[in-house]
file entry33.cif (mmCIF, C-alpha atoms and all ligand atoms)
data_my_file
loop_
_atom_site.label_atom_id
_atom_site.label_comp_id
_atom_site.auth_asym_id
_atom_site.auth_seq_id
_atom_site.Cartn_x
_atom_site.Cartn_y
_atom_site.Cartn_z
CA VAL A 1 -18.37 18.44 -32.16
CA ARG A 2 -18.08 20.83 -29.27
CA THR A 3 -14.95 22.80 -28.65
CA LEU A 4 -14.13 24.47 -25.38
CA SER A 5 -11.00 26.36 -24.50
CA ASP A 6 -8.80 23.58 -23.25
CA TYR A 7 -10.34 20.41 -24.56
CA ASP A 8 -12.18 19.05 -27.56
CA VAL A 9 -14.80 16.35 -27.34
CA GLU A 10 -16.51 14.66 -30.20
CA LYS A 11 -18.84 11.73 -30.79
CA THR A 12 -17.32 9.27 -33.19
CA GLY A 13 -17.43 5.69 -34.46
CA LYS A 14 -19.63 4.21 -37.20
CA LYS A 15 -22.62 4.31 -34.85
CA ASN A 16 -21.62 7.56 -33.14
CA ASN A 17 -21.31 5.64 -29.90
CA VAL A 18 -17.80 6.62 -28.78
CA ALA A 19 -16.82 9.87 -27.05
CA LEU A 20 -13.35 11.12 -27.92
CA ILE A 21 -11.91 13.69 -25.54
CA TYR A 22 -8.72 15.56 -26.34
CA LEU A 23 -6.60 17.14 -23.63
CA ASN A 24 -5.89 20.16 -25.74
CA ARG A 25 -3.27 22.48 -24.36
CA PRO A 26 -0.32 21.42 -26.50
CA ASP A 27 1.84 24.50 -25.85
CA ALA A 28 2.08 23.45 -22.20
CA LEU A 29 2.27 19.73 -23.06
CA ASN A 30 -1.36 19.50 -21.84
CA ALA A 31 -0.32 20.35 -18.28
CA LEU A 32 -3.40 19.81 -16.16
CA ASN A 33 -4.60 23.05 -14.61
CA ASN A 34 -7.86 23.70 -12.82
CA GLY A 35 -9.57 24.71 -16.07
CA ILE A 36 -8.67 21.57 -18.01
CA ILE A 37 -9.66 19.28 -15.12
CA GLY A 38 -12.99 21.08 -14.69
CA GLU A 39 -13.68 20.78 -18.40
CA LEU A 40 -12.64 17.14 -18.49
CA THR A 41 -15.11 16.52 -15.68
CA THR A 42 -17.87 18.23 -17.67
CA ALA A 43 -16.98 16.27 -20.81
CA LEU A 44 -17.13 13.01 -18.86
CA GLU A 45 -20.50 13.93 -17.35
CA ASP A 46 -21.81 14.70 -20.85
CA ALA A 47 -20.57 11.34 -22.12
CA GLN A 48 -21.96 9.62 -19.06
CA ASN A 49 -25.40 11.17 -19.62
CA ASP A 50 -25.49 10.40 -23.35
CA LYS A 51 -27.25 7.05 -23.68
CA ASP A 52 -25.67 6.34 -27.08
CA ILE A 53 -22.11 6.53 -25.77
CA GLY A 54 -20.70 3.12 -24.86
CA ALA A 55 -17.05 4.00 -24.26
CA ILE A 56 -14.79 7.03 -23.90
CA VAL A 57 -11.31 7.59 -25.33
CA ILE A 58 -9.05 10.22 -23.75
CA THR A 59 -5.95 11.34 -25.62
CA GLY A 60 -3.63 14.35 -25.83
CA SER A 61 -3.02 16.90 -28.56
CA GLY A 62 0.54 17.34 -29.77
CA ARG A 63 3.47 15.46 -28.30
CA ALA A 64 2.09 14.79 -24.82
CA PHE A 65 -0.78 12.93 -23.24
CA ALA A 66 -0.31 15.21 -20.23
CA ALA A 67 2.98 16.30 -18.65
CA GLY A 68 1.44 16.47 -15.20
CA ALA A 69 -0.33 18.94 -13.00
CA ASP A 70 0.42 22.54 -13.98
CA ILE A 71 3.59 23.34 -12.05
CA LYS A 72 3.17 27.07 -12.66
CA GLU A 73 -0.27 26.90 -11.03
CA MET A 74 1.12 24.95 -8.06
CA GLU A 75 4.36 26.88 -7.53
CA ASN A 76 3.12 29.38 -4.97
CA LYS A 77 0.46 27.28 -3.26
CA THR A 78 0.72 26.76 0.48
CA PHE A 79 -0.41 23.78 2.52
CA GLN A 80 -3.31 25.92 3.73
CA ASP A 81 -4.31 26.73 0.13
CA CYS A 82 -4.37 23.02 -0.73
CA VAL A 83 -6.56 22.14 2.24
CA LYS A 84 -8.91 25.09 1.96
CA SER A 85 -9.50 24.76 -1.78
CA GLY A 86 -9.71 20.96 -1.67
CA PHE A 87 -6.88 20.91 -4.25
CA LEU A 88 -7.19 17.76 -6.44
CA GLY A 89 -10.79 17.32 -5.30
CA LYS A 90 -12.11 17.03 -8.87
CA TRP A 91 -9.31 14.82 -10.07
CA ASP A 92 -11.02 11.51 -9.59
CA SER A 93 -13.80 12.21 -12.12
CA VAL A 94 -12.19 9.71 -14.52
CA ALA A 95 -11.99 7.04 -11.83
CA ARG A 96 -15.65 7.67 -10.90
CA CYS A 97 -16.90 7.35 -14.48
CA THR A 98 -19.04 4.22 -14.82
CA LYS A 99 -18.62 3.97 -18.60
CA PRO A 100 -15.45 2.30 -19.92
CA THR A 101 -12.53 4.67 -20.47
CA ILE A 102 -9.48 4.13 -22.66
CA ALA A 103 -6.39 6.30 -22.33
CA ALA A 104 -4.64 6.58 -25.70
CA VAL A 105 -1.26 7.72 -24.39
CA ASN A 106 0.36 9.45 -27.36
CA GLY A 107 3.41 10.93 -25.62
CA PHE A 108 4.47 12.09 -22.15
CA ALA A 109 2.22 10.79 -19.34
CA LEU A 110 4.02 12.28 -16.37
CA GLY A 111 2.95 12.98 -12.82
CA GLY A 112 -0.77 13.78 -12.85
CA GLY A 113 -0.79 12.74 -16.53
CA CYS A 114 0.33 9.21 -15.64
CA GLU A 115 -2.17 9.21 -12.78
CA LEU A 116 -4.94 10.29 -15.13
CA ALA A 117 -4.05 7.46 -17.54
CA MET A 118 -4.10 5.01 -14.63
CA MET A 119 -7.61 6.14 -13.67
CA CYS A 120 -8.75 4.89 -17.09
CA ASP A 121 -9.82 1.28 -17.51
CA ILE A 122 -7.49 0.49 -20.40
CA ILE A 123 -4.19 2.07 -21.42
CA TYR A 124 -3.00 1.87 -25.02
CA ALA A 125 0.40 3.48 -25.61
CA SER A 126 2.13 4.86 -28.64
CA GLU A 127 5.74 3.77 -29.16
CA LYS A 128 6.63 7.36 -28.25
CA ALA A 129 4.87 7.29 -24.88
CA LYS A 130 6.77 7.87 -21.64
CA PHE A 131 5.23 7.09 -18.27
CA GLY A 132 6.66 8.59 -15.11
CA GLN A 133 6.07 10.01 -11.65
CA PRO A 134 8.66 12.82 -11.58
CA GLU A 135 7.18 14.61 -8.55
CA ILE A 136 10.19 13.72 -6.37
CA LYS A 137 12.33 15.96 -8.61
CA LEU A 138 10.02 18.84 -7.68
CA GLY A 139 10.26 18.11 -3.97
CA THR A 140 6.80 16.59 -3.73
CA ILE A 141 5.13 13.22 -4.22
CA PRO A 142 2.33 11.94 -6.47
CA GLY A 143 -1.06 13.11 -5.25
CA ALA A 144 -3.66 11.43 -7.44
CA GLY A 145 -2.90 7.73 -7.19
CA GLY A 146 0.74 7.54 -8.35
CA THR A 147 1.90 5.77 -5.20
CA GLN A 148 -1.22 3.59 -5.00
CA ARG A 149 -2.60 2.60 -8.41
CA LEU A 150 0.89 2.34 -9.90
CA THR A 151 2.09 0.04 -7.10
CA ARG A 152 -0.94 -2.24 -7.45
CA VAL A 153 -0.42 -2.50 -11.19
CA VAL A 154 3.36 -2.78 -11.64
CA GLY A 155 4.41 -4.07 -8.20
CA LYS A 156 6.56 -2.58 -5.49
CA SER A 157 10.03 -2.65 -7.00
CA LEU A 158 9.22 -0.81 -10.24
CA ALA A 159 6.81 1.58 -8.49
CA MET A 160 9.48 2.45 -5.92
CA GLU A 161 12.06 2.95 -8.67
CA MET A 162 9.73 5.28 -10.58
CA VAL A 163 8.50 7.25 -7.56
CA LEU A 164 11.89 7.54 -5.81
CA THR A 165 14.02 8.39 -8.88
CA GLY A 166 11.35 10.22 -10.86
CA ASP A 167 12.75 8.65 -14.03
CA PRO A 168 10.21 7.64 -16.68
CA ILE A 169 9.73 4.27 -18.35
CA SER A 170 9.20 3.61 -22.06
CA ALA A 171 6.06 2.28 -23.70
CA LYS A 172 7.74 -1.12 -24.03
CA GLU A 173 8.54 -1.22 -20.32
CA ALA A 174 4.99 -0.11 -19.52
CA LEU A 175 3.69 -3.00 -21.62
CA GLN A 176 5.99 -5.50 -19.90
CA ALA A 177 4.92 -4.21 -16.49
CA GLY A 178 1.22 -4.54 -17.33
CA LEU A 179 0.65 -0.77 -17.10
CA ALA A 180 -0.36 -0.65 -20.78
CA SER A 181 -2.13 -3.50 -22.54
CA LYS A 182 -1.03 -2.57 -26.09
CA VAL A 183 1.70 -0.52 -27.79
CA TYR A 184 1.19 0.78 -31.32
CA PRO A 185 3.12 2.96 -33.77
CA ALA A 186 2.18 6.59 -33.08
CA GLU A 187 0.14 6.99 -36.25
CA GLU A 188 -2.00 3.91 -35.46
CA LEU A 189 -2.65 4.57 -31.77
CA LEU A 190 -5.83 6.63 -31.88
CA ASP A 191 -7.45 4.46 -34.53
CA LYS A 192 -6.76 1.32 -32.48
CA ALA A 193 -8.12 2.94 -29.32
CA LEU A 194 -11.28 4.06 -31.14
CA LYS A 195 -11.73 0.56 -32.61
CA ALA A 196 -11.47 -0.95 -29.14
CA ALA A 197 -13.99 1.61 -27.85
CA GLU A 198 -16.37 0.77 -30.73
CA ASN A 199 -15.97 -2.91 -30.00
CA ILE A 200 -16.98 -2.32 -26.37
CA SER A 201 -19.83 0.01 -27.39
CA GLU A 202 -21.41 -2.75 -29.46
CA LYS A 203 -21.94 -4.85 -26.33
CA SER A 204 -24.81 -4.38 -23.88
CA LYS A 205 -24.01 -1.13 -22.05
CA LEU A 206 -25.88 -2.43 -19.05
CA VAL A 207 -23.79 -5.58 -18.82
CA VAL A 208 -20.54 -3.74 -19.68
CA ASN A 209 -21.24 -1.52 -16.68
CA MET A 210 -21.62 -4.63 -14.48
CA ALA A 211 -18.43 -6.18 -15.87
CA LYS A 212 -16.45 -2.99 -15.25
CA GLU A 213 -17.68 -2.80 -11.67
CA ALA A 214 -16.76 -6.44 -11.11
CA VAL A 215 -13.19 -5.99 -12.41
CA ASN A 216 -12.75 -2.80 -10.36
CA THR A 217 -13.87 -4.66 -7.27
CA ALA A 218 -10.71 -6.76 -7.55
CA TYR A 219 -8.77 -3.63 -6.56
CA GLU A 220 -10.95 -2.76 -3.62
CA THR A 221 -11.51 -5.97 -1.72
CA THR A 222 -10.27 -9.43 -0.67
CA LEU A 223 -10.34 -12.36 -3.11
CA ALA A 224 -13.14 -14.13 -1.23
CA GLU A 225 -15.31 -11.01 -1.16
CA GLY A 226 -14.50 -10.26 -4.80
CA ILE A 227 -15.47 -13.77 -5.90
CA HIS A 228 -18.69 -13.46 -3.92
CA PHE A 229 -19.47 -10.06 -5.51
CA GLU A 230 -18.70 -11.43 -8.98
CA LYS A 231 -21.11 -14.32 -8.50
CA LYS A 232 -23.91 -11.95 -7.43
CA ILE A 233 -23.31 -9.72 -10.45
CA PHE A 234 -23.15 -12.78 -12.72
CA TYR A 235 -26.53 -13.94 -11.39
CA ALA A 236 -27.84 -10.38 -11.84
CA THR A 237 -27.06 -10.52 -15.58
CA PHE A 238 -29.79 -13.20 -15.75
CA ALA A 239 -32.30 -10.50 -14.83
CA THR A 240 -31.48 -8.60 -18.05
CA ASP A 241 -33.05 -8.91 -21.50
CA ASP A 242 -29.59 -8.57 -23.02
CA ARG A 243 -28.32 -11.77 -21.37
CA LYS A 244 -31.27 -13.65 -22.89
CA GLU A 245 -30.71 -12.00 -26.27
CA GLY A 246 -26.95 -12.78 -26.20
CA MET A 247 -27.48 -16.49 -25.55
CA SER A 248 -30.46 -16.83 -27.89
CA ALA A 249 -28.49 -15.15 -30.68
CA PHE A 250 -25.65 -17.64 -30.15
CA VAL A 251 -28.01 -20.60 -30.31
CA ASP A 252 -29.79 -19.16 -33.40
CA LYS A 253 -26.39 -18.45 -35.07
CA ARG A 254 -27.15 -14.75 -35.56
CA ALA A 255 -25.67 -11.49 -34.32
CA ALA A 256 -27.01 -10.32 -30.96
CA GLU A 257 -28.99 -7.09 -30.87
CA PHE A 258 -28.55 -5.63 -27.44
CA LYS A 259 -31.06 -3.09 -26.20
CA ASP A 260 -29.16 -2.07 -23.05
CA ASN A 261 -31.96 -3.48 -21.00
N1 LIG A 301 3.30 22.30 -15.80
C1 LIG A 301 3.34 23.49 -16.43
N2 LIG A 301 3.96 23.67 -17.63
C2 LIG A 301 4.54 22.58 -18.20
C3 LIG A 301 4.52 21.32 -17.59
C4 LIG A 301 3.86 21.19 -16.34
N3 LIG A 301 3.74 20.02 -15.69
N4 LIG A 301 5.20 20.46 -18.37
C5 LIG A 301 5.61 21.16 -19.44
N5 LIG A 301 5.22 22.44 -19.35
C6 LIG A 301 5.46 23.54 -20.29
C7 LIG A 301 6.87 24.04 -20.20
O1 LIG A 301 7.00 24.95 -19.13
C8 LIG A 301 7.06 24.67 -21.54
O2 LIG A 301 6.40 25.93 -21.53
P1 LIG A 301 7.16 27.25 -22.10
O3 LIG A 301 7.29 26.95 -23.57
O4 LIG A 301 6.20 28.34 -21.77
O5 LIG A 301 8.46 27.32 -21.40
C9 LIG A 301 6.25 23.76 -22.47
O6 LIG A 301 5.36 23.04 -21.62
C10 LIG A 301 7.11 22.75 -23.21
O7 LIG A 301 7.89 22.03 -22.26
P2 LIG A 301 9.48 21.89 -22.35
O8 LIG A 301 10.07 23.06 -23.03
O9 LIG A 301 9.98 21.58 -20.97
O10 LIG A 301 9.60 20.60 -23.30
P3 LIG A 301 10.80 19.54 -23.31
O11 LIG A 301 10.56 18.68 -24.49
O12 LIG A 301 12.11 20.20 -23.16
O13 LIG A 301 10.57 18.65 -21.98
C11 LIG A 301 9.29 17.40 -20.38
C12 LIG A 301 9.44 17.86 -21.85
C13 LIG A 301 10.43 16.44 -20.03
C14 LIG A 301 7.97 16.67 -20.28
C15 LIG A 301 9.33 18.63 -19.44
O14 LIG A 301 8.40 19.59 -19.92
C16 LIG A 301 8.99 18.33 -18.01
O15 LIG A 301 9.82 17.78 -17.30
N6 LIG A 301 7.78 18.71 -17.58
C17 LIG A 301 7.37 18.59 -16.21
C18 LIG A 301 6.99 17.15 -15.90
C19 LIG A 301 6.63 17.03 -14.45
O16 LIG A 301 7.41 17.26 -13.55
N7 LIG A 301 5.37 16.62 -14.18
C20 LIG A 301 4.88 16.41 -12.84
C21 LIG A 301 4.18 17.62 -12.36
S1 LIG A 301 3.74 17.48 -10.67
C22 LIG A 301 2.33 16.59 -10.69
O17 LIG A 301 1.83 16.19 -11.70
C23 LIG A 301 1.72 16.33 -9.36
C24 LIG A 301 0.43 15.59 -9.56
C25 LIG A 301 -0.29 15.58 -8.30
C26 LIG A 301 -1.69 15.09 -8.51
C27 LIG A 301 -2.48 16.05 -9.28
C28 LIG A 301 -2.48 17.37 -8.61
C29 LIG A 301 -3.33 18.37 -9.27
#

call {"tool": "encode", "arguments": {"input": "entry33.cif", "output": "structure tokens"}}
result
Amino acid sequence: VRTLSDYDVEKTGKKNNVALIYLNRPDALNALNNGIIGELTTALEDAQNDKDIGAIVITGSGRAFAAGADIKEMENKTFQDCVKSGFLGKWDSVARCTKPTIAAVNGFALGGGCELAMMCDIIYASEKAKFGQPEIKLGTIPGAGGTQRLTRVVGKSLAMEMVLTGDPISAKEALQAGLASKVYPAEELLDKALKAAENISEKSKLVVNMAKEAVNTAYETTLAEGIHFEKKIFYATFATDDRKEGMSAFVDKRAAEFKDN
């Protein structure tokens, strides 16, 4: 277990193959400042470089997942500051991660917090979770995917409602809208997210990587191109030892032993 100032990361799971990252600034409801984003980026790189890690869970300490970008840090910024410092430049580290990521949204996921959750591959929510893009109340707009990823996931009407009013939705509404795939009682959330991460980690990491890329392609391209890409990746799995092992194990009625090769 390694502990840095604003986040904790640990390797967990029966086979130590899951990385658990805590956004750990509970006094500020895990508001995302430069420090926490930089450290999250480092934690993700560590997980990415660790060959044993098959999936990553990101959650928040205390009563928030993350209540957005740090407003106190942003308050006095000018347009020129944003441009010159490349403000938000590091924010897409979660979206760029090639290993599967699960956001275990334990409480408020507002503004940049909701955007961070949406950069993850899977969102599990606690019954106490609240998802929102309240930037309009601060006289600004979402800046890390809140007008784009949200709209693609929940559709125009709900995205407009959330972005234009700034009012949050409940975990149940997030589930109905397809933003979250599961809702659990607060005390079960992390365990369920870790179980899902372990489940994924038991598969071939090589093929999981290909599957993730194929699903993500659905958001980046036309249906015809996506289907074409999927077929190529599907064929490519036949170049792996793990595809052979998976099918042989089925035929032999035994558990597959993937070697990530
Ligand atoms: N930034 C800085 N501090 C925060 C933030 C935040 N986003 N959210 C909460 N805090 C702090 C509070 O200031 C307070 O600190 P203190 O005790 O020192 O006064 C502490 O956390 C606890 O918060 P509250 O007392 O307000 O707790 P409540 O239970 O009364 O309210 C809320 C909880 C409703 C979540 C409330 O804190 C709130 O509305 N927070 C702000 C939510 C928000 O507007 N988020 C959007 C921020 S803008 C944004 O994310 C833009 C993203 C752009 C892309 C990324 C750019 C980097």

call {"tool": "closest_residue", "arguments": {"input": "entry33.cif", "among": "A:Phe238, A:Phe229, A:Phe258, A:Phe87", "to": "ligand LIG 301 (chain A)", "atoms": "only C-alpha atoms and all ligand atoms"}}
result
A:Phe87

call {"tool": "residues_around", "arguments": {"input": "entry33.cif", "residues": "segment 138-146 of chain A", "least_positions_apart": "2", "cutoff": "10 Å", "atoms": "only C-alpha atoms", "output": "ChimeraX atom specification"}}
result
/A:68-69,71,75,87-89,91-92,110-116,118-119,132-136,148-152,159,162-164,166

call {"tool": "closest_residue", "arguments": {"input": "entry33.cif", "among": "A:Asn33, A:Asn106, A:Ser93, A:Asn261", "to": "ligand LIG 301 (chain A)", "atoms": "only C-alpha atoms and all ligand atoms"}}
result
A:Asn33

call {"tool": "atom_distance", "arguments": {"input": "entry33.cif", "atom1": "atom CA of Ala104 of chain A", "atom2": "atom CA of Gly60 of chain A"}}
result
7.8 Å

call {"tool": "closest_residue", "arguments": {"input": "entry33.cif", "among": "A:Thr222, A:Thr147, A:Asn17, A:Gln80", "to": "ligand LIG 301 (chain A)", "atoms": "all atoms listed in the file"}}
result
A:Thr147

call {"tool": "closest_residue", "arguments": {"input": "entry33.cif", "among": "A:Ala109, A:Leu223, A:Ala103, A:Ile21", "to": "ligand LIG 301 (chain A)", "atoms": "all atoms listed in the file"}}
result
A:Ala109

call {"tool": "residues_near_point", "arguments": {"input": "entry33.cif", "point": "(-6.3, 20.5, -21.0)", "cutoff": "8 Å", "atoms": "all atoms listed in the file", "output": "PyMOL selection string"}}
result
chain A and resi 6-7+22-25+30-33+35-37+39-40

call {"tool": "write_last_selection", "arguments": {"input": "entry33.cif", "atoms": "C-alpha atoms", "output": "CSV table (one decimal), in the frame of the given file"}}
result
chain,number,residue,atom,x,y,z
A,6,ASP,CA,-8.8,23.6,-23.2
A,7,TYR,CA,-10.3,20.4,-24.6
A,22,TYR,CA,-8.7,15.6,-26.3
A,23,LEU,CA,-6.6,17.1,-23.6
A,24,ASN,CA,-5.9,20.2,-25.7
A,25,ARG,CA,-3.3,22.5,-24.4
A,30,ASN,CA,-1.4,19.5,-21.8
A,31,ALA,CA,-0.3,20.4,-18.3
A,32,LEU,CA,-3.4,19.8,-16.2
A,33,ASN,CA,-4.6,23.0,-14.6
A,35,GLY,CA,-9.6,24.7,-16.1
A,36,ILE,CA,-8.7,21.6,-18.0
A,37,ILE,CA,-9.7,19.3,-15.1
A,39,GLU,CA,-13.7,20.8,-18.4
A,40,LEU,CA,-12.6,17.1,-18.5

call {"tool": "atom_distance", "arguments": {"input": "entry33.cif", "atom1": "atom CA of Pro168 of chain A", "atom2": "atom C3 of ligand LIG 301 (chain A)"}}
result
14.8 Å
